[in-house]
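input-v2.txt follows; it contains compact mmCIF, C-alpha atoms and all ligand atoms.
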# COMPACT_ATOMS: atom_id res chain seq x y z
CA MET O 1 -50.38 -8.32 20.86
CA LYS O 2 -52.42 -5.42 19.48
CA PHE O 3 -55.50 -5.09 21.65
CA ILE O 4 -55.79 -4.43 25.38
CA ASP O 5 -58.03 -7.50 25.93
CA GLU O 6 -55.14 -9.68 24.86
CA TYR O 7 -53.22 -8.48 27.96
CA ARG O 8 -56.06 -9.92 30.10
CA ASP O 9 -56.12 -13.38 28.53
CA ALA O 10 -56.93 -15.97 31.22
CA GLY O 11 -55.07 -18.80 29.45
CA LEU O 12 -51.85 -16.80 29.18
CA SER O 13 -52.25 -15.65 32.79
CA LYS O 14 -52.39 -19.29 33.93
CA LYS O 15 -49.24 -20.06 31.95
CA LEU O 16 -47.40 -17.15 33.58
CA VAL O 17 -48.58 -18.18 37.05
CA ALA O 18 -47.35 -21.73 36.32
CA ARG O 19 -44.02 -20.26 35.21
CA VAL O 20 -43.69 -18.33 38.48
CA GLU O 21 -44.58 -21.49 40.45
CA GLN O 22 -41.99 -23.47 38.52
CA LEU O 23 -39.26 -20.83 38.96
CA SER O 24 -39.84 -19.91 42.59
CA THR O 25 -37.93 -22.05 45.08
CA ARG O 26 -37.10 -19.47 47.76
CA PRO O 27 -38.86 -16.50 49.39
CA ALA O 28 -39.02 -13.45 47.14
CA ARG O 29 -40.30 -10.20 48.58
CA LEU O 30 -41.36 -7.78 45.86
CA MET O 31 -42.62 -4.22 46.10
CA GLU O 32 -44.92 -2.75 43.51
CA PHE O 33 -43.85 0.86 43.72
CA CYS O 34 -46.82 2.34 41.89
CA GLY O 35 -50.34 2.82 43.27
CA GLY O 36 -51.72 2.01 39.82
CA HIS O 37 -50.05 -1.39 40.10
CA THR O 38 -51.48 -1.93 43.60
CA VAL O 39 -54.98 -1.32 42.25
CA ALA O 40 -54.44 -3.63 39.25
CA ILE O 41 -52.99 -6.35 41.49
CA MET O 42 -55.91 -6.15 43.91
CA ARG O 43 -58.56 -5.86 41.19
CA ASN O 44 -57.28 -8.94 39.41
CA GLY O 45 -56.57 -11.00 42.53
CA ILE O 46 -52.93 -11.40 41.49
CA ARG O 47 -51.62 -11.87 45.04
CA GLN O 48 -53.90 -14.86 45.52
CA LEU O 49 -52.62 -16.42 42.28
CA LEU O 50 -48.96 -16.34 43.28
CA PRO O 51 -47.21 -19.12 45.21
CA PRO O 52 -46.61 -18.53 48.94
CA THR O 53 -42.93 -17.97 48.24
CA VAL O 54 -43.73 -14.69 46.44
CA GLU O 55 -44.77 -11.82 48.71
CA MET O 56 -45.97 -8.51 47.26
CA LEU O 57 -45.92 -5.23 49.17
CA SER O 58 -47.36 -1.87 48.17
CA GLY O 59 -45.03 1.10 47.85
CA PRO O 60 -45.26 4.89 47.89
CA GLY O 61 -46.20 5.48 44.25
CA CYS O 62 -49.52 7.25 44.78
CA PRO O 63 -49.10 10.98 44.16
CA VAL O 64 -52.06 12.04 46.28
CA CYS O 65 -51.06 9.77 49.17
CA VAL O 66 -47.47 10.96 49.40
CA THR O 67 -48.44 14.63 49.42
CA ALA O 68 -47.56 15.82 52.91
CA ASN O 69 -50.15 17.40 55.20
CA ALA O 70 -48.07 20.60 55.23
CA ASP O 71 -48.52 20.92 51.46
CA ILE O 72 -52.25 20.16 51.62
CA ASP O 73 -52.58 22.80 54.33
CA LYS O 74 -50.78 25.26 52.05
CA ALA O 75 -53.16 24.52 49.16
CA ILE O 76 -56.16 25.07 51.45
CA ALA O 77 -54.70 28.32 52.80
CA LEU O 78 -54.11 29.56 49.24
CA ALA O 79 -57.72 28.71 48.37
CA ARG O 80 -58.93 30.99 51.17
CA LEU O 81 -57.11 34.05 49.81
CA PRO O 82 -59.28 36.60 47.97
CA ASP O 83 -59.57 36.44 44.16
CA ILE O 84 -57.90 33.04 43.95
CA VAL O 85 -59.21 30.09 41.96
CA ILE O 86 -57.65 26.74 42.85
CA THR O 87 -57.63 24.16 40.07
CA THR O 88 -56.89 20.58 40.97
CA PHE O 89 -57.35 16.96 39.99
CA GLY O 90 -60.45 15.55 41.69
CA ASP O 91 -58.57 13.07 43.90
CA MET O 92 -57.13 15.92 45.94
CA MET O 93 -60.50 17.33 47.00
CA LYS O 94 -61.28 14.93 49.84
CA VAL O 95 -57.73 14.46 51.13
CA PRO O 96 -57.70 15.57 54.74
CA GLY O 97 -55.04 18.10 55.70
CA SER O 98 -54.26 18.98 59.30
CA TYR O 99 -57.53 20.77 59.93
CA SER O 100 -59.60 20.73 56.75
CA SER O 101 -59.74 19.58 53.12
CA LEU O 102 -60.11 21.36 49.81
CA GLN O 103 -63.67 20.03 49.67
CA GLN O 104 -64.44 21.59 53.03
CA ALA O 105 -62.83 24.86 51.99
CA ARG O 106 -65.01 24.87 48.86
CA GLY O 107 -68.08 24.32 51.04
CA GLU O 108 -67.01 27.38 53.02
CA GLY O 109 -66.90 29.51 49.89
CA ALA O 110 -63.43 29.06 48.36
CA ASP O 111 -63.38 28.90 44.55
CA ILE O 112 -61.91 25.45 43.90
CA ARG O 113 -62.47 23.76 40.55
CA ILE O 114 -61.75 20.20 39.50
CA VAL O 115 -59.86 19.99 36.20
CA TYR O 116 -58.77 17.05 34.08
CA SER O 117 -55.63 18.65 32.66
CA THR O 118 -53.40 21.68 32.96
CA GLN O 119 -55.01 22.81 29.70
CA ASP O 120 -58.31 23.23 31.59
CA ALA O 121 -56.53 25.33 34.19
CA LEU O 122 -54.98 27.55 31.50
CA GLU O 123 -58.44 28.05 29.95
CA ILE O 124 -59.86 29.11 33.31
CA ALA O 125 -56.99 31.57 33.65
CA LYS O 126 -57.69 33.03 30.21
CA ASP O 127 -61.42 33.33 30.98
CA ASN O 128 -60.84 35.00 34.36
CA PRO O 129 -58.14 37.65 33.89
CA GLN O 130 -59.18 39.44 37.10
CA LYS O 131 -58.47 36.32 39.19
CA SER O 132 -55.29 34.41 40.01
CA ILE O 133 -55.51 30.77 38.98
CA ILE O 134 -53.39 28.24 40.89
CA PHE O 135 -52.94 24.69 39.65
CA ILE O 136 -52.09 22.17 42.39
CA GLY O 137 -49.17 20.40 40.74
CA ILE O 138 -48.98 16.97 42.34
CA GLY O 139 -47.57 13.87 40.68
CA PHE O 140 -44.40 12.15 39.60
CA GLU O 141 -42.33 12.29 36.41
CA THR O 142 -45.49 11.20 34.56
CA THR O 143 -47.29 14.50 35.05
CA ALA O 144 -44.26 16.79 35.25
CA PRO O 145 -43.93 17.28 31.46
CA THR O 146 -47.53 18.48 31.03
CA ILE O 147 -47.19 20.85 33.98
CA ALA O 148 -43.92 22.07 32.46
CA ALA O 149 -45.71 22.60 29.15
CA SER O 150 -48.41 24.68 30.87
CA ILE O 151 -45.77 26.95 32.41
CA LEU O 152 -43.99 27.39 29.08
CA HIS O 153 -47.36 28.11 27.44
CA ALA O 154 -48.21 30.73 30.09
CA GLU O 155 -44.79 32.30 29.54
CA ALA O 156 -45.19 32.33 25.75
CA GLU O 157 -48.67 33.88 26.02
CA GLY O 158 -47.50 36.49 28.53
CA MET O 159 -50.07 35.31 31.09
CA ASP O 160 -49.79 36.98 34.48
CA ASN O 161 -52.55 35.19 36.39
CA PHE O 162 -51.52 31.51 36.12
CA TYR O 163 -49.54 29.80 38.88
CA VAL O 164 -48.49 26.31 39.89
CA LEU O 165 -48.13 25.06 43.45
CA CYS O 166 -45.32 22.71 42.55
CA LEU O 167 -45.43 19.52 44.64
CA LEU O 168 -43.90 17.23 42.01
CA LYS O 169 -41.87 14.27 43.18
CA LEU O 170 -39.26 11.96 41.67
CA CYS O 171 -39.38 8.16 41.87
CA PRO O 172 -35.77 6.87 41.70
CA PRO O 173 -34.56 9.09 44.60
CA ILE O 174 -37.35 7.90 46.88
CA MET O 175 -36.64 4.28 45.94
CA LYS O 176 -33.07 4.92 47.08
CA THR O 177 -34.36 6.48 50.30
CA LEU O 178 -36.56 3.45 51.04
CA LEU O 179 -33.67 1.09 50.41
CA ASP O 180 -31.35 3.22 52.58
CA LEU O 181 -33.89 3.28 55.42
CA GLY O 182 -33.39 -0.48 55.63
CA GLU O 183 -36.79 -1.10 57.22
CA LEU O 184 -37.58 -3.75 54.62
CA ARG O 185 -35.63 -6.51 52.98
CA LEU O 186 -36.64 -6.34 49.35
CA ASP O 187 -35.62 -8.79 46.63
CA GLY O 188 -37.29 -7.06 43.72
CA ILE O 189 -39.17 -3.96 42.61
CA VAL O 190 -41.98 -3.79 40.08
CA CYS O 191 -40.98 -0.42 38.65
CA PRO O 192 -43.67 2.06 37.63
CA GLY O 193 -44.90 1.88 34.03
CA HIS O 194 -46.12 5.41 33.32
CA VAL O 195 -43.19 7.08 35.08
CA SER O 196 -40.81 4.90 33.09
CA VAL O 197 -42.44 5.91 29.79
CA ILE O 198 -40.96 9.35 30.59
CA ILE O 199 -37.67 8.55 32.37
CA GLY O 200 -36.91 5.16 30.81
CA SER O 201 -35.41 2.20 32.69
CA GLN O 202 -31.84 3.52 32.93
CA PRO O 203 -32.41 5.61 36.12
CA TYR O 204 -33.04 2.36 38.05
CA GLU O 205 -29.62 0.90 37.21
CA PHE O 206 -28.22 1.87 40.63
CA ILE O 207 -30.73 -0.43 42.37
CA PRO O 208 -29.36 -3.83 41.26
CA ARG O 209 -25.82 -2.44 41.18
CA ASP O 210 -25.75 -0.91 44.69
CA TYR O 211 -28.49 -2.83 46.51
CA SER O 212 -28.63 -6.20 44.68
CA VAL O 213 -32.38 -5.73 44.19
CA ALA O 214 -33.99 -6.91 40.95
CA CYS O 215 -35.99 -4.38 38.88
CA VAL O 216 -38.58 -4.94 36.16
CA VAL O 217 -40.66 -2.15 34.62
CA SER O 218 -44.27 -3.26 34.26
CA GLY O 219 -47.42 -2.15 32.48
CA PHE O 220 -50.80 -2.18 34.16
CA GLU O 221 -52.66 -5.13 32.66
CA PRO O 222 -52.72 -8.51 34.45
CA LEU O 223 -50.36 -10.12 31.93
CA ASP O 224 -47.94 -7.20 32.20
CA ILE O 225 -47.77 -7.61 35.96
CA LEU O 226 -47.53 -11.40 35.91
CA LEU O 227 -44.78 -11.21 33.31
CA ALA O 228 -42.91 -8.67 35.48
CA VAL O 229 -43.27 -10.95 38.52
CA ALA O 230 -42.00 -13.95 36.51
CA MET O 231 -39.01 -11.93 35.28
CA LEU O 232 -38.25 -10.73 38.82
CA VAL O 233 -38.47 -14.25 40.25
CA GLU O 234 -36.19 -15.51 37.49
CA GLN O 235 -33.59 -12.82 38.30
CA ILE O 236 -33.82 -13.58 42.03
CA GLU O 237 -33.50 -17.33 41.50
CA GLU O 238 -30.49 -16.79 39.22
CA GLY O 239 -28.95 -14.43 41.79
CA LYS O 240 -28.33 -11.90 39.01
CA PRO O 241 -30.36 -8.77 39.73
CA ARG O 242 -30.65 -6.33 36.82
CA VAL O 243 -33.05 -3.87 35.21
CA GLU O 244 -35.45 -5.30 32.66
CA ILE O 245 -38.54 -4.02 30.87
CA ALA O 246 -41.75 -6.07 30.76
CA TYR O 247 -43.59 -3.10 29.21
CA ARG O 248 -41.79 -2.80 25.89
CA ARG O 249 -44.80 -1.32 24.12
CA GLY O 250 -44.52 1.78 26.34
CA VAL O 251 -40.99 2.07 27.69
CA LYS O 252 -37.57 2.55 26.14
CA PRO O 253 -34.39 2.37 28.25
CA GLU O 254 -33.64 6.03 27.52
CA GLY O 255 -37.21 7.28 28.08
CA ASN O 256 -38.96 10.02 26.17
CA LYS O 257 -36.39 12.63 25.15
CA LYS O 258 -38.91 15.37 24.36
CA ALA O 259 -40.79 14.98 27.64
CA LEU O 260 -37.51 15.00 29.58
CA GLU O 261 -36.41 18.17 27.78
CA LEU O 262 -39.69 19.87 28.68
CA MET O 263 -39.25 18.89 32.33
CA ASN O 264 -35.66 20.08 32.42
CA THR O 265 -36.56 23.38 30.78
CA ALA O 266 -39.15 24.35 33.39
CA PHE O 267 -37.91 22.55 36.52
CA GLU O 268 -34.84 21.81 38.55
CA VAL O 269 -34.36 19.15 41.21
CA ASP O 270 -35.23 20.19 44.75
CA ARG O 271 -36.02 18.63 48.10
CA ALA O 272 -39.56 17.35 48.64
CA ASP O 273 -41.72 16.56 51.66
CA TRP O 274 -43.07 12.98 51.50
CA ARG O 275 -45.84 11.72 53.76
CA GLY O 276 -44.45 9.07 56.07
CA ILE O 277 -40.88 9.71 55.01
CA GLY O 278 -40.32 13.43 55.55
CA MET O 279 -38.16 15.93 53.72
CA VAL O 280 -35.92 14.12 51.23
CA PRO O 281 -33.15 16.01 49.41
CA ALA O 282 -33.20 15.91 45.59
CA SER O 283 -36.49 14.00 45.42
CA GLY O 284 -38.75 16.66 43.95
CA LEU O 285 -38.93 19.44 41.40
CA LYS O 286 -39.21 23.21 41.65
CA LEU O 287 -39.60 25.87 38.99
CA ARG O 288 -36.37 27.21 37.59
CA ASP O 289 -35.58 30.85 38.47
CA LYS O 290 -36.55 31.91 34.95
CA TYR O 291 -40.13 30.76 35.65
CA ALA O 292 -40.29 31.66 39.36
CA ARG O 293 -43.08 34.18 38.72
CA PHE O 294 -45.41 31.24 38.06
CA ASP O 295 -44.58 29.65 41.41
CA ALA O 296 -47.63 29.99 43.68
CA GLY O 297 -45.45 29.18 46.69
CA GLN O 298 -43.40 32.33 46.04
CA ALA O 299 -46.13 34.58 44.67
CA PHE O 300 -48.52 34.31 47.63
CA THR O 301 -47.93 34.43 51.36
CA VAL O 302 -50.04 32.32 53.67
CA THR O 303 -49.94 31.75 57.40
CA LEU O 304 -50.11 28.12 58.42
CA GLU O 305 -51.11 26.47 61.68
CA PRO O 306 -48.83 23.72 63.03
CA VAL O 307 -49.08 20.51 61.00
CA ARG O 308 -51.15 17.69 62.57
CA GLU O 309 -51.44 14.06 61.50
CA ALA O 310 -54.72 12.15 61.76
CA LYS O 311 -54.71 10.11 64.97
CA GLY O 312 -54.44 6.39 64.32
CA CYS O 313 -53.81 6.72 60.57
CA ILE O 314 -50.80 4.66 59.46
CA CYS O 315 -50.67 5.87 55.85
CA GLY O 316 -47.00 6.76 56.28
CA ASP O 317 -46.10 3.18 57.31
CA ILE O 318 -48.19 1.78 54.44
CA LEU O 319 -46.43 4.05 51.95
CA ARG O 320 -43.06 2.76 53.17
CA GLY O 321 -44.30 -0.80 52.77
CA VAL O 322 -43.80 -1.70 56.42
CA LYS O 323 -47.52 -2.11 57.14
CA THR O 324 -50.64 -2.95 55.15
CA PRO O 325 -54.11 -1.40 55.38
CA ALA O 326 -55.20 -4.49 57.35
CA ASP O 327 -52.80 -3.38 60.12
CA CYS O 328 -54.71 -0.11 60.59
CA ARG O 329 -57.26 -0.32 63.38
CA LEU O 330 -59.39 2.36 61.68
CA PHE O 331 -59.60 0.45 58.36
CA ARG O 332 -63.20 -0.36 57.41
CA LYS O 333 -64.42 0.71 60.85
CA VAL O 334 -63.87 4.44 61.17
CA CYS O 335 -62.05 5.01 57.87
CA LEU O 336 -64.22 4.40 54.83
CA PRO O 337 -64.24 5.83 51.31
CA GLU O 338 -67.19 8.06 52.30
CA HIS O 339 -65.34 9.24 55.46
CA PRO O 340 -61.63 8.89 54.74
CA VAL O 341 -59.29 9.54 57.63
CA GLY O 342 -56.13 9.46 55.52
CA PRO O 343 -55.20 9.95 51.87
CA CYS O 344 -54.63 6.24 51.17
CA MET O 345 -58.41 5.78 51.51
CA VAL O 346 -59.21 8.75 49.25
CA SER O 347 -57.07 8.31 46.20
CA SER O 348 -58.07 6.02 43.35
CA GLU O 349 -54.46 4.75 43.58
CA GLY O 350 -54.40 4.52 47.37
CA ALA O 351 -53.62 1.15 48.98
CA CYS O 352 -56.40 1.45 51.59
CA ALA O 353 -58.99 2.29 48.92
CA ALA O 354 -57.80 -0.66 46.80
CA TYR O 355 -57.88 -3.06 49.77
CA TYR O 356 -61.33 -1.80 50.69
CA GLU O 357 -62.66 -2.20 47.16
CA TYR O 358 -61.01 -5.45 46.12
CA GLY O 359 -59.29 -7.06 49.11
CA ALA O 360 -60.81 -10.49 49.57
CA ASP O 361 -58.88 -11.42 52.69
CA TYR O 362 -57.15 -8.11 53.41
CA GLY O 363 -53.92 -10.03 53.73
FE1 LIG Z 1 -55.14 5.97 57.15
FE2 LIG Z 1 -57.62 5.10 56.74
FE3 LIG Z 1 -55.64 3.83 55.59
FE4 LIG Z 1 -55.98 3.66 58.23
S1 LIG Z 1 -57.35 2.88 56.66
S2 LIG Z 1 -54.06 4.01 57.15
S3 LIG Z 1 -56.77 5.70 58.68
S4 LIG Z 1 -56.26 5.94 55.20
Write the structure described by the file as structure tokens, please.
Amino acid sequence: MKFIDEYRDAGLSKKLVARVEQLSTRPARLMEFCGGHTVAIMRNGIRQLLPPTVEMLSGPGCPVCVTANADIDKAIALARLPDIVITTFGDMMKVPGSYSSLQQARGEGADIRIVYSTQDALEIAKDNPQKSIIFIGIGFETTAPTIAASILHAEAEGMDNFYVLCLLKLCPPIMKTLLDLGELRLDGIVCPGHVSVIIGSQPYEFIPRDYSVACVVSGFEPLDILLAVAMLVEQIEEGKPRVEIAYRRGVKPEGNKKALELMNTAFEVDRADWRGIGMVPASGLKLRDKYARFDAGQAFTVTLEPVREAKGCICGDILRGVKTPADCRLFRKVCLPEHPVGPCMVSSEGACAAYYEYGADYG
């Protein structure tokens, strides 16, 4: 197939659904790790197409949603320092921290600018040499290489006013954490497509080997996801869990060597604070010592109030897959896209936002 429309073909979708129906004889509980997959599944009504034996749960793969309140509070505190410009992806603006949001801080006078890439942030730094420009570096392995490239660029150009608040997180370690928590019995994981373009499929090998859970890397079109589900169900029915790729046009088993080199040049593995899960060793990235001068967390000191969680918000449980947005008593009543209580209602990849926008039965 050459064109994106071909991955949305209704006739082929029906054939794949029929294949899943034919294959599936026993309950199969699957988690789509990635928020992008949750949105695609909801938008295309994929859950409703699948037989009752196949259950799909949303996972923690939304970078905005998993950013801990403590880190949002830090970003807001940095924004309130004099001569600071915060640059961030737009999704972060409305995410509530313990007491405020970046949007609120901007309303109170902080200089916070929405950017579409790290390149934009570098340009702002070049145009404002008298200011310190901080990029809020959220995301997974997908965004880490471009953030790494921005740091190497700043180093090469001798820039002294560009910083990154590094909140990057790693997918395979948090998958391991979820499996170790044992809160859920999972039979299969729809592994993230964009992350796997960078890291490949090999880092998931421990999942079938150590946990007997099937893994298939999926793209984001309806046929990609249905194919991944069919492959997962086939593995589960055979009782032979393994790692497979249903997104061959984007993902190689070994990943993207250049992007991985960039990441490894600028970053080293560190602990990370995940919403709903807490501090997890070796699940994030920090700047290597050689680039520590670009680390906003080290370059600036802020005083933080105690961290508070929004009362009644169950984003943490939703991110661990143990609850759905429909289980939240604030969903669609108090918590709405215009007045989000938690990050899962703010982010374009958040489960609550996707259920609100597309959920027919909220089941
Ligand atoms: Fe949190 Fe709102 Fe989702 Fe409830 S509906 S879990 S309050 S984001």
message: as a VMD selection string, please: the residues near segment 299-307 of chain O (cut-off 12 Å, only C-alpha atoms, same-chain neighbours under 5 positions excluded).
response: chain O and resid 68 to 84 96 to 100 132 to 134 160 to 165 275 291 to 294
With 10 Å as the cut-off and all atoms listed in the file counted, what is the closest atom pair between each nearby residue of chain O and ligand LIG 1 (chain Z)? Distances in Å to one decimal, ordered by chain and number, as CSV.
residue,atom,partner,partner_atom,distance
O:Cys65,CA,Z:LIG1,S4,8.8
O:Val95,CA,Z:LIG1,S4,9.6
O:Pro96,CA,Z:LIG1,S4,9.7
O:Glu309,CA,Z:LIG1,FE1,9.9
O:Ala310,CA,Z:LIG1,S3,7.4
O:Lys311,CA,Z:LIG1,S3,8.0
O:Gly312,CA,Z:LIG1,S3,6.1
O:Cys313,CA,Z:LIG1,S3,3.7
O:Ile314,CA,Z:LIG1,S2,4.0
O:Cys315,CA,Z:LIG1,S2,4.1
O:Gly316,CA,Z:LIG1,S2,7.6
O:Asp317,CA,Z:LIG1,S2,8.0
O:Ile318,CA,Z:LIG1,S2,6.8
O:Leu319,CA,Z:LIG1,S2,9.2
O:Lys323,CA,Z:LIG1,S2,9.0
O:Thr324,CA,Z:LIG1,S2,8.0
O:Pro325,CA,Z:LIG1,FE3,5.5
O:Ala326,CA,Z:LIG1,S1,7.7
O:Asp327,CA,Z:LIG1,FE4,8.0
O:Cys328,CA,Z:LIG1,FE4,4.6
O:Arg329,CA,Z:LIG1,FE4,6.6
O:Leu330,CA,Z:LIG1,FE4,5.0
O:Phe331,CA,Z:LIG1,S1,3.7
O:Arg332,CA,Z:LIG1,S1,6.7
O:Lys333,CA,Z:LIG1,S1,8.5
O:Val334,CA,Z:LIG1,S3,7.6
O:Cys335,CA,Z:LIG1,FE2,4.6
O:Leu336,CA,Z:LIG1,FE2,6.9
O:Pro337,CA,Z:LIG1,FE2,8.6
O:His339,CA,Z:LIG1,FE2,8.9
O:Pro340,CA,Z:LIG1,FE2,5.9
O:Val341,CA,Z:LIG1,S3,4.7
O:Gly342,CA,Z:LIG1,S4,3.5
O:Pro343,CA,Z:LIG1,S4,5.3
O:Cys344,CA,Z:LIG1,S4,4.4
O:Met345,CA,Z:LIG1,S4,4.3
O:Val346,CA,Z:LIG1,S4,7.2
O:Ser347,CA,Z:LIG1,S4,9.3
O:Gly350,CA,Z:LIG1,S4,8.2
O:Ala351,CA,Z:LIG1,FE3,7.4
O:Cys352,CA,Z:LIG1,FE3,4.7
O:Ala353,CA,Z:LIG1,FE3,7.6
O:Tyr355,CA,Z:LIG1,S1,9.1
O:Tyr356,CA,Z:LIG1,S1,8.6
- request: Enter the distance from atom CA of Val54 of chain O to atom CA of Ala28 of chain O, in Å, rounded to one decimal.
  value: 4.9 Å
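Here atom CA of Leu23 of chain O stands at a distance of 17.2 Å from atom CA of Glu244 of chain O.
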field: Which of O:Pro281, O:Pro145, O:Gly45, O:Gly250 sits closest to Leu226 of chain O [using only C-alpha atoms]
entry: O:Gly45
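Between atom CA of Ser13 of chain O and atom CA of Pro222 of chain O lies a distance of 7.3 Å.
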message: Please determine, counting all atoms listed in the file, which residue among O:Val115, O:Val322, O:Leu262, O:Leu232 has the shortest atom-to-atom distance to Ile151 of chain O.
response: O:Leu262
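Residue nearest Pro60 of chain O within the list O:Ala272, O:Ala156, O:Ile174, O:Ala149: O:Ile174 [criterion: smallest interatomic distance, all atoms listed in the file].
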- request: Could you give me, as a PyMOL selection string, the residues within 12 Å of Leu260 of chain O, counting only C-alpha atoms and dropping anything in the same chain fewer than 2 positions from it?
  value: chain O and resi 141-146+148-149+195-200+254-258+262-268
Give the padded box for segment 333-342 of chain O as JSON: axis-aligned, covering all atoms listed in the file, 3 Å on each side, centre and edge lengths in Å to one decimal.
{"center_x": -61.7, "center_y": 5.1, "center_z": 56.2, "size_x": 17.1, "size_y": 14.8, "size_z": 15.9}
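Closest approach to Ser218 of chain O among O:Leu167, O:Ile189, O:Ile277, O:Val64: O:Ile189, based on all atoms listed in the file.
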field: Test item: residues at most 7 Å from Leu170 of chain O, only C-alpha atoms, excluding those fewer than 5 positions along its chain, as a PyMOL selection string
entry: chain O and resi 140-141+283-284
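Environment of (-30.8, -1.7, 38.0): residues at most 8 Å away, judged by only C-alpha atoms, are Gln202, Pro203, Tyr204, Glu205, Phe206, Ile207, Pro208, Arg209, Val213, Ala214, Cys215, Pro241, Arg242, Val243 and Glu244 of chain O.
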Hey, can you spit out that residue selection with C-alpha atoms as a short mmCIF file (atom, residue, chain, number, x, y, z; two decimals), in the frame of the given file?
data_model
loop_
_atom_site.label_atom_id
_atom_site.label_comp_id
_atom_site.auth_asym_id
_atom_site.auth_seq_id
_atom_site.Cartn_x
_atom_site.Cartn_y
_atom_site.Cartn_z
CA GLN O 202 -31.84 3.52 32.93
CA PRO O 203 -32.41 5.61 36.12
CA TYR O 204 -33.04 2.36 38.05
CA GLU O 205 -29.62 0.90 37.21
CA PHE O 206 -28.22 1.87 40.63
CA ILE O 207 -30.73 -0.43 42.37
CA PRO O 208 -29.36 -3.83 41.26
CA ARG O 209 -25.82 -2.44 41.18
CA VAL O 213 -32.38 -5.73 44.19
CA ALA O 214 -33.99 -6.91 40.95
CA CYS O 215 -35.99 -4.38 38.88
CA PRO O 241 -30.36 -8.77 39.73
CA ARG O 242 -30.65 -6.33 36.82
CA VAL O 243 -33.05 -3.87 35.21
CA GLU O 244 -35.45 -5.30 32.66
#
- prompt: Which is closer to Arg26 of chain O than all the others in O:Ile236, O:Val85, O:Leu186, O:Met231, using all atoms listed in the file?
  reply: O:Ile236
Against segment 39-43 of chain O, which residues of segment 170-267 of chain O fall within 9 Å? For each one I want the closest pair of atoms and the distance in Å (one decimal), counting only C-alpha atoms, rows by chain and increasing residue number, as CSV.
residue,atom,partner,partner_atom,distance
O:Phe220,CA,O:Ala40,CA,6.4
O:Glu221,CA,O:Ala40,CA,7.0
O:Pro222,CA,O:Ala40,CA,7.1
O:Ile225,CA,O:Ile41,CA,7.7
For the residues in the current selection, export C-alpha atoms as an mmCIF file, in the frame of the given file.
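The resulting out.cif:
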data_model
loop_
_atom_site.group_PDB
_atom_site.id
_atom_site.type_symbol
_atom_site.label_atom_id
_atom_site.label_comp_id
_atom_site.auth_asym_id
_atom_site.auth_seq_id
_atom_site.Cartn_x
_atom_site.Cartn_y
_atom_site.Cartn_z
ATOM 1 C CA PHE O 220 -50.800 -2.180 34.160
ATOM 2 C CA GLU O 221 -52.660 -5.130 32.660
ATOM 3 C CA PRO O 222 -52.720 -8.510 34.450
ATOM 4 C CA ILE O 225 -47.770 -7.610 35.960
#
Residues near Gln119 of chain O, cut-off 10 Å, all atoms listed in the file, skip fewer than 3 positions along chain, as a list in words: Val115, Tyr116, Leu122, Glu123, Ile124, Ala125, Thr146, Ile147, Ala149, Ser150 and His153 of chain O
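With all atoms listed in the file as the atoms that count, the residue of O:Met159, O:Leu50, O:Val66, O:Ile138 with the shortest distance to Gly90 of chain O is O:Ile138.
Residues in contact with Val190 of chain O at up to 6 Å, not including ones fewer than 4 positions away on its chain and judged by all atoms listed in the file, are Glu32, Val216 and Val217 of chain O.
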